[in-house]
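target27.pdb follows (PDB, C-alpha atoms, pLDDT in the B column):
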ATOM      1  CA  MET U1496     108.199  90.796 143.257  1.00 53.00           C
ATOM      2  CA  ALA U1497     108.687  87.441 141.556  1.00 74.00           C
ATOM      3  CA  ASP U1498     105.590  85.741 140.141  1.00 92.00           C
ATOM      4  CA  LEU U1499     106.012  82.982 142.697  1.00 96.00           C
ATOM      5  CA  SER U1500     108.447  82.376 145.527  1.00 97.00           C
ATOM      6  CA  ILE U1501     108.297  79.374 147.806  1.00 97.00           C
ATOM      7  CA  ALA U1502     109.655  79.057 151.343  1.00 97.00           C
ATOM      8  CA  VAL U1503     109.823  75.770 153.212  1.00 97.00           C
ATOM      9  CA  ARG U1504     110.371  75.169 156.901  1.00 96.00           C
ATOM     10  CA  GLN U1505     110.112  72.101 159.064  1.00 95.00           C
ATOM     11  CA  VAL U1506     107.973  72.158 162.215  1.00 94.00           C
ATOM     12  CA  GLY U1507     108.322  68.814 163.968  1.00 92.00           C
ATOM     13  CA  ASP U1508     107.189  66.172 161.510  1.00 92.00           C
ATOM     14  CA  VAL U1509     105.362  68.668 159.339  1.00 96.00           C
ATOM     15  CA  ALA U1510     106.871  70.380 156.306  1.00 97.00           C
ATOM     16  CA  VAL U1511     105.341  73.840 155.993  1.00 98.00           C
ATOM     17  CA  LEU U1512     105.357  75.170 152.459  1.00 98.00           C
ATOM     18  CA  LEU U1513     104.605  78.862 151.946  1.00 98.00           C
ATOM     19  CA  PRO U1514     103.936  79.870 148.341  1.00 98.00           C
ATOM     20  CA  ALA U1515     103.915  83.652 147.837  1.00 97.00           C
ATOM     21  CA  GLY U1516     102.459  85.111 144.654  1.00 96.00           C
ATOM     22  CA  PHE U1517     100.317  83.216 142.191  1.00 95.00           C
ATOM     23  CA  ILE U1518     100.245  79.675 140.809  1.00 97.00           C
ATOM     24  CA  ASN U1519      99.121  79.272 137.230  1.00 96.00           C
ATOM     25  CA  ALA U1520     100.354  77.381 134.169  1.00 96.00           C
ATOM     26  CA  HIS U1521     103.410  79.653 134.050  1.00 96.00           C
ATOM     27  CA  THR U1522     104.580  79.152 137.639  1.00 97.00           C
ATOM     28  CA  VAL U1523     103.207  75.697 138.408  1.00 96.00           C
ATOM     29  CA  ARG U1524     106.416  73.811 137.615  1.00 96.00           C
ATOM     30  CA  GLU U1525     108.219  75.604 140.439  1.00 97.00           C
ATOM     31  CA  PHE U1526     105.406  74.707 142.840  1.00 97.00           C
ATOM     32  CA  GLU U1527     105.358  71.126 141.621  1.00 96.00           C
ATOM     33  CA  GLU U1528     109.124  70.768 142.080  1.00 97.00           C
ATOM     34  CA  ALA U1529     108.889  72.087 145.645  1.00 97.00           C
ATOM     35  CA  LEU U1530     106.172  69.550 146.505  1.00 97.00           C
ATOM     36  CA  GLU U1531     107.966  66.693 144.765  1.00 96.00           C
ATOM     37  CA  GLY U1532     111.195  67.601 146.557  1.00 97.00           C
ATOM     38  CA  LEU U1533     109.474  67.216 149.923  1.00 97.00           C
ATOM     39  CA  VAL U1534     107.938  63.866 149.020  1.00 97.00           C
ATOM     40  CA  GLU U1535     111.205  62.537 147.573  1.00 96.00           C
ATOM     41  CA  GLY U1536     112.873  63.573 150.838  1.00 96.00           C
ATOM     42  CA  GLY U1537     110.393  61.437 152.767  1.00 96.00           C
ATOM     43  CA  ARG U1538     108.364  64.321 154.133  1.00 96.00           C
ATOM     44  CA  TYR U1539     104.829  63.119 153.684  1.00 96.00           C
ATOM     45  CA  THR U1540     102.923  65.465 155.980  1.00 97.00           C
ATOM     46  CA  ILE U1541     102.809  68.808 154.232  1.00 97.00           C
ATOM     47  CA  LEU U1542     101.011  71.957 155.284  1.00 98.00           C
ATOM     48  CA  LEU U1543     100.389  74.515 152.565  1.00 97.00           C
ATOM     49  CA  ASN U1544     100.198  77.834 154.378  1.00 98.00           C
ATOM     50  CA  CYS U1545      98.523  79.975 151.718  1.00 97.00           C
ATOM     51  CA  LYS U1546      98.539  83.327 153.505  1.00 97.00           C
ATOM     52  CA  ASP U1547     100.552  84.939 150.694  1.00 97.00           C
ATOM     53  CA  LEU U1548      99.022  82.969 147.835  1.00 97.00           C
ATOM     54  CA  THR U1549      96.911  85.399 145.863  1.00 93.00           C
ATOM     55  CA  TYR U1550      95.671  83.052 143.193  1.00 91.00           C
ATOM     56  CA  ILE U1551      95.730  79.408 142.109  1.00 95.00           C
ATOM     57  CA  SER U1552      94.442  77.964 138.848  1.00 95.00           C
ATOM     58  CA  SER U1553      93.600  74.365 137.996  1.00 92.00           C
ATOM     59  CA  ALA U1554      97.262  73.851 137.080  1.00 93.00           C
ATOM     60  CA  GLY U1555      98.152  74.313 140.751  1.00 93.00           C
ATOM     61  CA  LEU U1556      95.294  72.099 141.895  1.00 91.00           C
ATOM     62  CA  GLY U1557      96.561  69.407 139.557  1.00 90.00           C
ATOM     63  CA  ALA U1558     100.004  69.567 141.168  1.00 92.00           C
ATOM     64  CA  ILE U1559      98.455  68.926 144.587  1.00 92.00           C
ATOM     65  CA  MET U1560      96.162  66.216 143.262  1.00 88.00           C
ATOM     66  CA  GLY U1561      99.115  64.494 141.655  1.00 88.00           C
ATOM     67  CA  LEU U1562     100.730  63.809 145.039  1.00 91.00           C
ATOM     68  CA  ILE U1563      97.819  63.262 147.406  1.00 90.00           C
ATOM     69  CA  GLU U1564      97.672  59.497 146.938  1.00 89.00           C
ATOM     70  CA  THR U1565     101.426  59.113 147.414  1.00 94.00           C
ATOM     71  CA  VAL U1566     101.540  61.027 150.699  1.00 96.00           C
ATOM     72  CA  ARG U1567      98.500  59.209 152.068  1.00 94.00           C
ATOM     73  CA  GLU U1568      99.978  55.833 151.151  1.00 95.00           C
ATOM     74  CA  HIS U1569     102.822  56.828 153.476  1.00 96.00           C
ATOM     75  CA  GLU U1570     100.406  57.837 156.251  1.00 95.00           C
ATOM     76  CA  GLY U1571     100.958  61.498 155.550  1.00 96.00           C
ATOM     77  CA  ASP U1572      98.633  64.170 154.221  1.00 95.00           C
ATOM     78  CA  ILE U1573      98.468  67.538 152.519  1.00 96.00           C
ATOM     79  CA  LEU U1574      96.801  70.166 154.693  1.00 96.00           C
ATOM     80  CA  LEU U1575      95.778  73.693 153.830  1.00 97.00           C
ATOM     81  CA  SER U1576      95.648  76.802 155.969  1.00 97.00           C
ATOM     82  CA  ASN U1577      95.211  80.580 155.717  1.00 97.00           C
ATOM     83  CA  LEU U1578      93.319  80.482 152.420  1.00 97.00           C
ATOM     84  CA  GLN U1579      92.369  83.851 150.982  1.00 95.00           C
ATOM     85  CA  ASP U1580      88.721  84.100 149.949  1.00 93.00           C
ATOM     86  CA  ASN U1581      89.222  83.626 146.208  1.00 90.00           C
ATOM     87  CA  VAL U1582      91.575  80.677 146.747  1.00 94.00           C
ATOM     88  CA  PHE U1583      89.071  79.063 149.121  1.00 94.00           C
ATOM     89  CA  ALA U1584      86.334  79.631 146.508  1.00 92.00           C
ATOM     90  CA  ILE U1585      88.257  77.567 143.962  1.00 91.00           C
ATOM     91  CA  PHE U1586      88.773  74.630 146.315  1.00 90.00           C
ATOM     92  CA  ASP U1587      85.221  74.820 147.609  1.00 90.00           C
ATOM     93  CA  THR U1588      83.586  75.151 144.189  1.00 87.00           C
ATOM     94  CA  LEU U1589      85.240  71.958 143.029  1.00 82.00           C
ATOM     95  CA  GLY U1590      84.401  70.096 146.214  1.00 80.00           C
ATOM     96  CA  PHE U1591      88.041  69.824 147.233  1.00 83.00           C
ATOM     97  CA  THR U1592      87.293  70.933 150.765  1.00 86.00           C
ATOM     98  CA  GLN U1593      86.013  67.357 151.174  1.00 85.00           C
ATOM     99  CA  LEU U1594      89.329  65.950 150.050  1.00 86.00           C
ATOM    100  CA  TYR U1595      91.660  68.211 151.997  1.00 91.00           C
ATOM    101  CA  ARG U1596      91.566  69.366 155.561  1.00 94.00           C
ATOM    102  CA  VAL U1597      91.375  73.147 155.617  1.00 96.00           C
ATOM    103  CA  PHE U1598      92.317  75.190 158.687  1.00 97.00           C
ATOM    104  CA  ALA U1599      91.922  78.854 159.524  1.00 97.00           C
ATOM    105  CA  ASP U1600      95.585  79.189 160.465  1.00 97.00           C
ATOM    106  CA  GLU U1601      98.808  77.266 160.878  1.00 96.00           C
ATOM    107  CA  ASP U1602      98.425  76.795 164.656  1.00 96.00           C
ATOM    108  CA  GLN U1603      95.090  75.014 164.193  1.00 96.00           C
ATOM    109  CA  ALA U1604      96.551  72.788 161.526  1.00 96.00           C
ATOM    110  CA  MET U1605      99.481  71.853 163.755  1.00 95.00           C
ATOM    111  CA  ALA U1606      97.161  71.166 166.686  1.00 94.00           C
ATOM    112  CA  ALA U1607      95.092  68.826 164.519  1.00 92.00           C
ATOM    113  CA  VAL U1608      98.132  66.928 163.288  1.00 88.00           C
ATOM    114  CA  ALA U1609      99.957  66.644 166.623  1.00 79.00           C
ATOM    115  CA  PRO U1610      97.679  63.982 168.224  1.00 68.00           C
ATOM    116  CA  GLU U1611      97.780  61.916 165.032  1.00 67.00           C
ATOM    117  CA  ARG U1612     101.553  61.962 164.963  1.00 58.00           C
ATOM    118  CA  LYS U1613     101.758  60.924 168.616  1.00 56.00           C
ATOM    119  CA  GLY U1614      99.116  58.215 168.155  1.00 50.00           C
TER     120      GLY U1614
ATOM    121  CA  MET N 538      74.370 103.878 125.978  1.00 49.00           C
ATOM    122  CA  ASP N 539      77.336 102.936 123.808  1.00 60.00           C
ATOM    123  CA  HIS N 540      78.726  99.496 124.386  1.00 78.00           C
ATOM    124  CA  ALA N 541      82.442  99.721 124.992  1.00 89.00           C
ATOM    125  CA  GLN N 542      84.752  97.074 123.647  1.00 92.00           C
ATOM    126  CA  PHE N 543      88.453  96.687 123.146  1.00 91.00           C
ATOM    127  CA  ARG N 544      90.938  94.061 122.009  1.00 95.00           C
ATOM    128  CA  LEU N 545      94.237  92.704 123.185  1.00 96.00           C
ATOM    129  CA  ILE N 546      96.526  90.361 121.290  1.00 97.00           C
ATOM    130  CA  ILE N 547      99.152  88.382 123.202  1.00 98.00           C
ATOM    131  CA  PRO N 548     101.750  85.808 122.147  1.00 98.00           C
ATOM    132  CA  SER N 549     100.704  82.235 122.980  1.00 98.00           C
ATOM    133  CA  GLN N 550     102.990  82.119 126.027  1.00 98.00           C
ATOM    134  CA  THR N 551     102.029  81.427 129.627  1.00 97.00           C
ATOM    135  CA  ARG N 552     104.215  84.318 130.844  1.00 96.00           C
ATOM    136  CA  TYR N 553     101.423  86.670 129.724  1.00 97.00           C
ATOM    137  CA  LEU N 554      98.660  84.900 131.658  1.00 96.00           C
ATOM    138  CA  ASN N 555      98.992  87.164 134.659  1.00 94.00           C
ATOM    139  CA  LEU N 556      98.668  90.228 132.471  1.00 95.00           C
ATOM    140  CA  VAL N 557      95.438  88.870 131.002  1.00 96.00           C
ATOM    141  CA  THR N 558      93.931  87.790 134.313  1.00 95.00           C
ATOM    142  CA  GLY N 559      94.762  91.180 135.846  1.00 95.00           C
ATOM    143  CA  LEU N 560      92.995  92.856 132.946  1.00 96.00           C
ATOM    144  CA  ALA N 561      89.974  90.547 133.278  1.00 97.00           C
ATOM    145  CA  LYS N 562      89.686  91.337 136.969  1.00 96.00           C
ATOM    146  CA  ARG N 563      89.833  95.087 136.436  1.00 96.00           C
ATOM    147  CA  ALA N 564      87.397  94.874 133.544  1.00 96.00           C
ATOM    148  CA  SER N 565      84.971  92.953 135.775  1.00 97.00           C
ATOM    149  CA  LEU N 566      85.174  95.632 138.446  1.00 97.00           C
ATOM    150  CA  ALA N 567      84.673  98.322 135.808  1.00 95.00           C
ATOM    151  CA  ALA N 568      81.591  96.432 134.602  1.00 95.00           C
ATOM    152  CA  GLY N 569      80.136  96.653 138.101  1.00 95.00           C
ATOM    153  CA  LEU N 570      80.856  93.151 139.381  1.00 97.00           C
ATOM    154  CA  ASP N 571      81.987  92.740 142.995  1.00 96.00           C
ATOM    155  CA  ASP N 572      85.490  91.705 144.103  1.00 95.00           C
ATOM    156  CA  ALA N 573      84.677  88.027 144.614  1.00 94.00           C
ATOM    157  CA  THR N 574      82.961  87.718 141.235  1.00 96.00           C
ATOM    158  CA  ALA N 575      85.764  89.629 139.517  1.00 96.00           C
ATOM    159  CA  ALA N 576      88.257  87.132 140.946  1.00 95.00           C
ATOM    160  CA  LYS N 577      86.189  84.254 139.553  1.00 95.00           C
ATOM    161  CA  VAL N 578      85.996  85.836 136.110  1.00 97.00           C
ATOM    162  CA  SER N 579      89.773  86.287 136.095  1.00 96.00           C
ATOM    163  CA  ILE N 580      90.254  82.608 136.959  1.00 96.00           C
ATOM    164  CA  ALA N 581      87.899  81.550 134.167  1.00 97.00           C
ATOM    165  CA  VAL N 582      89.871  83.678 131.706  1.00 98.00           C
ATOM    166  CA  ASP N 583      93.147  82.171 132.950  1.00 97.00           C
ATOM    167  CA  GLU N 584      91.761  78.701 132.340  1.00 96.00           C
ATOM    168  CA  ALA N 585      90.448  79.571 128.875  1.00 96.00           C
ATOM    169  CA  VAL N 586      93.703  81.184 127.707  1.00 97.00           C
ATOM    170  CA  THR N 587      95.766  78.386 129.265  1.00 96.00           C
ATOM    171  CA  ASN N 588      93.701  75.867 127.290  1.00 94.00           C
ATOM    172  CA  VAL N 589      94.425  77.773 124.088  1.00 96.00           C
ATOM    173  CA  ILE N 590      98.176  77.954 124.746  1.00 97.00           C
ATOM    174  CA  LEU N 591      98.688  74.398 125.994  1.00 94.00           C
ATOM    175  CA  HIS N 592      96.056  72.446 124.055  1.00 92.00           C
ATOM    176  CA  ALA N 593      94.994  74.405 120.961  1.00 94.00           C
ATOM    177  CA  TYR N 594      98.594  75.481 120.220  1.00 96.00           C
ATOM    178  CA  HIS N 595     100.282  72.521 121.994  1.00 95.00           C
ATOM    179  CA  GLY N 596     102.537  74.875 123.939  1.00 95.00           C
ATOM    180  CA  GLU N 597     104.005  76.520 120.837  1.00 96.00           C
ATOM    181  CA  GLY N 598     104.806  80.114 121.725  1.00 95.00           C
ATOM    182  CA  GLU N 599     104.969  81.761 118.306  1.00 96.00           C
ATOM    183  CA  HIS N 600     101.199  82.018 117.778  1.00 97.00           C
ATOM    184  CA  SER N 601      98.809  84.683 118.978  1.00 97.00           C
ATOM    185  CA  VAL N 602      95.741  84.773 121.183  1.00 98.00           C
ATOM    186  CA  GLU N 603      93.256  87.569 120.665  1.00 97.00           C
ATOM    187  CA  LEU N 604      90.922  88.714 123.400  1.00 97.00           C
ATOM    188  CA  GLU N 605      88.019  91.101 123.094  1.00 96.00           C
ATOM    189  CA  LEU N 606      86.185  92.538 126.071  1.00 96.00           C
ATOM    190  CA  ARG N 607      82.639  93.742 125.452  1.00 97.00           C
ATOM    191  CA  PHE N 608      80.756  95.718 128.044  1.00 96.00           C
ATOM    192  CA  THR N 609      76.987  95.722 127.654  1.00 94.00           C
ATOM    193  CA  GLU N 610      74.284  96.747 130.083  1.00 92.00           C
ATOM    194  CA  GLN N 611      73.478  93.104 130.761  1.00 95.00           C
ATOM    195  CA  ALA N 612      76.842  91.389 130.800  1.00 96.00           C
ATOM    196  CA  LEU N 613      80.578  91.372 130.453  1.00 97.00           C
ATOM    197  CA  GLU N 614      81.562  89.249 127.452  1.00 98.00           C
ATOM    198  CA  ILE N 615      85.088  87.962 126.942  1.00 98.00           C
ATOM    199  CA  HIS N 616      85.793  86.541 123.500  1.00 97.00           C
ATOM    200  CA  ILE N 617      89.020  84.599 122.980  1.00 97.00           C
ATOM    201  CA  TRP N 618      90.107  83.771 119.424  1.00 97.00           C
ATOM    202  CA  HIS N 619      92.886  81.528 118.190  1.00 96.00           C
ATOM    203  CA  SER N 620      93.807  79.627 115.046  1.00 95.00           C
ATOM    204  CA  GLY N 621      94.908  76.431 116.768  1.00 93.00           C
ATOM    205  CA  GLN N 622      93.052  73.191 117.331  1.00 88.00           C
ATOM    206  CA  GLY N 623      89.438  73.922 118.218  1.00 84.00           C
ATOM    207  CA  ILE N 624      86.994  72.378 120.621  1.00 78.00           C
ATOM    208  CA  ARG N 625      83.265  72.124 119.893  1.00 67.00           C
ATOM    209  CA  GLY N 626      80.599  72.667 122.489  1.00 65.00           C
ATOM    210  CA  ASP N 627      79.588  69.013 122.360  1.00 67.00           C
ATOM    211  CA  GLN N 628      83.202  68.040 123.129  1.00 66.00           C
ATOM    212  CA  MET N 629      83.108  69.965 126.386  1.00 67.00           C
ATOM    213  CA  VAL N 630      82.821  67.113 128.846  1.00 67.00           C
ATOM    214  CA  LEU N 631      82.922  68.264 132.429  1.00 67.00           C
ATOM    215  CA  PRO N 632      84.421  65.964 135.055  1.00 67.00           C
ATOM    216  CA  ASP N 633      82.174  64.942 137.935  1.00 68.00           C
ATOM    217  CA  PRO N 634      83.782  66.479 141.058  1.00 63.00           C
ATOM    218  CA  LYS N 635      82.708  63.510 143.209  1.00 65.00           C
ATOM    219  CA  GLU N 636      84.328  61.026 140.836  1.00 68.00           C
ATOM    220  CA  TYR N 637      87.362  63.276 140.593  1.00 64.00           C
ATOM    221  CA  ILE N 638      87.797  63.185 144.348  1.00 62.00           C
ATOM    222  CA  LYS N 639      87.542  59.382 144.398  1.00 64.00           C
ATOM    223  CA  HIS N 640      90.082  59.066 141.596  1.00 64.00           C
ATOM    224  CA  PRO N 641      92.413  62.072 141.778  1.00 57.00           C
ATOM    225  CA  ARG N 642      94.434  62.896 138.687  1.00 57.00           C
ATOM    226  CA  LYS N 643      96.079  65.848 137.095  1.00 57.00           C
ATOM    227  CA  GLY N 644      94.169  68.020 134.660  1.00 58.00           C
ATOM    228  CA  GLY N 645      90.544  68.226 133.607  1.00 68.00           C
ATOM    229  CA  LEU N 646      89.454  70.874 136.054  1.00 85.00           C
ATOM    230  CA  GLY N 647      89.876  74.001 133.950  1.00 90.00           C
ATOM    231  CA  LEU N 648      86.625  73.557 132.038  1.00 88.00           C
ATOM    232  CA  LEU N 649      84.794  72.834 135.259  1.00 88.00           C
ATOM    233  CA  LEU N 650      86.048  76.054 136.840  1.00 91.00           C
ATOM    234  CA  MET N 651      85.108  78.017 133.727  1.00 94.00           C
ATOM    235  CA  SER N 652      81.578  76.644 133.689  1.00 92.00           C
ATOM    236  CA  ARG N 653      81.066  77.136 137.418  1.00 92.00           C
ATOM    237  CA  PHE N 654      82.404  80.674 137.542  1.00 95.00           C
ATOM    238  CA  MET N 655      80.782  82.035 134.360  1.00 96.00           C
ATOM    239  CA  ASP N 656      77.110  82.186 133.358  1.00 97.00           C
ATOM    240  CA  GLU N 657      77.829  80.957 129.836  1.00 95.00           C
ATOM    241  CA  VAL N 658      80.790  79.267 128.143  1.00 94.00           C
ATOM    242  CA  GLN N 659      80.544  78.800 124.386  1.00 92.00           C
ATOM    243  CA  PHE N 660      82.942  77.289 121.870  1.00 92.00           C
ATOM    244  CA  LYS N 661      82.573  78.286 118.217  1.00 90.00           C
ATOM    245  CA  ALA N 662      84.414  77.793 114.948  1.00 90.00           C
ATOM    246  CA  ASP N 663      84.479  80.450 112.228  1.00 85.00           C
ATOM    247  CA  GLU N 664      84.693  78.526 108.977  1.00 84.00           C
ATOM    248  CA  VAL N 665      85.421  81.663 106.948  1.00 86.00           C
ATOM    249  CA  SER N 666      88.448  82.820 108.917  1.00 87.00           C
ATOM    250  CA  GLY N 667      89.393  79.347 110.116  1.00 88.00           C
ATOM    251  CA  ARG N 668      89.645  80.647 113.663  1.00 94.00           C
ATOM    252  CA  ASN N 669      88.158  79.222 116.824  1.00 95.00           C
ATOM    253  CA  GLU N 670      86.508  81.132 119.605  1.00 95.00           C
ATOM    254  CA  CYS N 671      85.814  80.622 123.280  1.00 95.00           C
ATOM    255  CA  CYS N 672      83.220  83.036 124.599  1.00 96.00           C
ATOM    256  CA  LEU N 673      82.804  83.648 128.340  1.00 97.00           C
ATOM    257  CA  ILE N 674      79.786  85.597 129.564  1.00 98.00           C
ATOM    258  CA  LYS N 675      79.138  86.971 133.032  1.00 98.00           C
ATOM    259  CA  LYS N 676      75.766  88.595 133.594  1.00 97.00           C
ATOM    260  CA  ILE N 677      75.557  91.808 135.539  1.00 95.00           C
ATOM    261  CA  SER N 678      72.690  91.539 137.967  1.00 80.00           C
TER     262      SER N 678
END
I'd like the structure from this file rewritten - as C-alpha cells, please.
Amino acid sequence: MADLSIAVRQVGDVAVLLPAGFINAHTVREFEEALEGLVEGGRYTILLNCKDLTYISSAGLGAIMGLIETVREHEGDILLSNLQDNVFAIFDTLGFTQLYRVFADEDQAMAAVAPERKG
Amino acid sequence: MDHAQFRLIIPSQTRYLNLVTGLAKRASLAAGLDDATAAKVSIAVDEAVTNVILHAYHGEGEHSVELELRFTEQALEIHIWHSGQGIRGDQMVLPDPKEYIKHPRKGGLGLLLMSRFMDEVQFKADEVSGRNECCLIKKIS
C-alpha cells in the first residue's frame, strides 16, 4: 500500500476528499496539492472524509490551516468526518474542533451543509 | 530489573519517518502504555524527528538522526540526537492555540503537540560531542 493515496469525488456542491494512509512531512505535499487543486478549481466546500486516514501530523494540519481562510472568504468551508480516535485526539488537543466542524460520518456532514447551500 | 535500551540511526530523510513512528508506537505498547497513549507518543516522535530533518538539518538528507529508546520501570524515554542546528529549552516557545485559531497559519504546532502528548520534553546541547539532543519522556502510571 502506498504511504498516502487520495481519492476525490463531487457530491452536489461538496468536494469529498478521501485520504487513505498517513499524512506526515513526507506525504504532506501530495495532500496539499490535492487541496490546492480543489480550491484553484473553485471548489470551496470541501469535506475531508478521514475514514482511511490512520495518522496526521502537524504538517497535515498546516496544509488545512493554510487554506481555511481562502475557502471561507468564498463562502465555503472545510469539514471533517469519520475521524479515527488518534486523529480526533490531535485536532481536539490543539483546539481545532472549535475551528472545524466535525461530523461522525459523511451523511451527517452532507445534511448539515445542504440547508446552507440552499439558503 | 535491567533497563532495556536500544538505538536506531536513520538518514535525515522524511521517507523514514513512518518507520520511526511505527517503532515508537510498538515500543510504547511494549512499555505497557495503552493504544491511545502509544499513538500520541508516536506522533510526538514524528514531530521531533521532523523538526530535526527540516529545521536542524534544513532538509539536507545526507546527515543522520540517532534515536535511543530506554525502558525503565517509571517511564519510556526517547532520546533523539543530531549534529545540526540546536534549539535550547528557553527557545521553545509554544503557540497559544486560541490565538492560533484566530490567526491561522502554517507551522508552529509540532512543539505544541510534543508538549501536550509527552510528560516531559527537554532540549540539550552536548558541548563535548557538539551534538544536540531532544529528550521525550512518557511516564508509565
Long-range neighbours of His619 of chain N as a PyMOL selection string, 7 Å cut-off, all atoms listed in the file, 6 positions minimum in chain
chain N and resi 601-603+668-670
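Using only C-alpha atoms for every distance, the candidate list N:Ala564, N:Gly647, N:Glu597, N:Ala585 yields N:Gly647 as the residue closest to chain U.
What the ChimeraX specification (/N :<7) & /U matches in the given file is Ala1520, His1521, Ser1552, Ser1553, Gly1557, Ala1558, Met1560, Gly1561, Asn1581, Leu1589, Gly1590 and Leu1594 of chain U.
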Pull C-alpha atoms from the residues just selected and write them as a JSON list (two decimals), keeping the file's coordinate frame.
[["chain", "number", "residue", "atom", "x", "y", "z"],
["U", 1520, "ALA", "CA", 100.35, 77.38, 134.17],
["U", 1521, "HIS", "CA", 103.41, 79.65, 134.05],
["U", 1552, "SER", "CA", 94.44, 77.96, 138.85],
["U", 1553, "SER", "CA", 93.60, 74.36, 138.00],
["U", 1557, "GLY", "CA", 96.56, 69.41, 139.56],
["U", 1558, "ALA", "CA", 100.00, 69.57, 141.17],
["U", 1560, "MET", "CA", 96.16, 66.22, 143.26],
["U", 1561, "GLY", "CA", 99.12, 64.49, 141.66],
["U", 1581, "ASN", "CA", 89.22, 83.63, 146.21],
["U", 1589, "LEU", "CA", 85.24, 71.96, 143.03],
["U", 1590, "GLY", "CA", 84.40, 70.10, 146.21],
["U", 1594, "LEU", "CA", 89.33, 65.95, 150.05]]
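Atom CA of Ile1559 of chain U sits 9.8 Å away from atom CA of Glu1531 of chain U.
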Between U:Ala1554, U:Val1608, U:Val1597, U:Val1523, single out the one closest to Glu1570 of chain U, counting only C-alpha atoms.
U:Val1608
Mind writing segment 585-590 of chain N to a file for me, with all heavy atoms, as a JSON list (two decimals), in the first residue's frame?
[["chain", "number", "residue", "atom", "x", "y", "z"],
["N", 585, "ALA", "N", 9.22, 15.44, 16.56],
["N", 585, "ALA", "CA", 10.60, 15.72, 16.99],
["N", 585, "ALA", "C", 11.59, 15.40, 15.86],
["N", 585, "ALA", "O", 12.51, 16.19, 15.59],
["N", 585, "ALA", "CB", 10.93, 14.90, 18.23],
["N", 586, "VAL", "N", 11.41, 14.26, 15.20],
["N", 586, "VAL", "CA", 12.33, 13.87, 14.13],
["N", 586, "VAL", "C", 12.13, 14.78, 12.90],
["N", 586, "VAL", "O", 13.10, 15.15, 12.24],
["N", 586, "VAL", "CB", 12.16, 12.37, 13.78],
["N", 586, "VAL", "CG1", 13.05, 11.99, 12.61],
["N", 586, "VAL", "CG2", 12.49, 11.51, 15.00],
["N", 587, "THR", "N", 10.88, 15.14, 12.64],
["N", 587, "THR", "CA", 10.62, 16.08, 11.54],
["N", 587, "THR", "C", 11.33, 17.40, 11.79],
["N", 587, "THR", "O", 11.94, 17.98, 10.87],
["N", 587, "THR", "CB", 9.10, 16.32, 11.38],
["N", 587, "THR", "OG1", 8.47, 15.09, 11.03],
["N", 587, "THR", "CG2", 8.82, 17.35, 10.29],
["N", 588, "ASN", "N", 11.28, 17.89, 13.02],
["N", 588, "ASN", "CA", 11.98, 19.14, 13.35],
["N", 588, "ASN", "C", 13.48, 19.03, 13.08],
["N", 588, "ASN", "O", 14.09, 19.97, 12.57],
["N", 588, "ASN", "CB", 11.76, 19.50, 14.83],
["N", 588, "ASN", "CG", 10.41, 20.15, 15.06],
["N", 588, "ASN", "OD1", 9.77, 20.60, 14.12],
["N", 588, "ASN", "ND2", 9.98, 20.18, 16.30],
["N", 589, "VAL", "N", 14.04, 17.88, 13.44],
["N", 589, "VAL", "CA", 15.48, 17.68, 13.21],
["N", 589, "VAL", "C", 15.78, 17.73, 11.71],
["N", 589, "VAL", "O", 16.69, 18.43, 11.25],
["N", 589, "VAL", "CB", 15.95, 16.33, 13.81],
["N", 589, "VAL", "CG1", 17.38, 16.03, 13.36],
["N", 589, "VAL", "CG2", 15.86, 16.37, 15.33],
["N", 590, "ILE", "N", 14.99, 16.98, 10.93],
["N", 590, "ILE", "CA", 15.27, 16.88, 9.49],
["N", 590, "ILE", "C", 15.06, 18.24, 8.79],
["N", 590, "ILE", "O", 15.92, 18.68, 8.02],
["N", 590, "ILE", "CB", 14.36, 15.80, 8.85],
["N", 590, "ILE", "CG1", 14.72, 14.42, 9.41],
["N", 590, "ILE", "CG2", 14.48, 15.82, 7.32],
["N", 590, "ILE", "CD1", 13.75, 13.31, 9.02]]
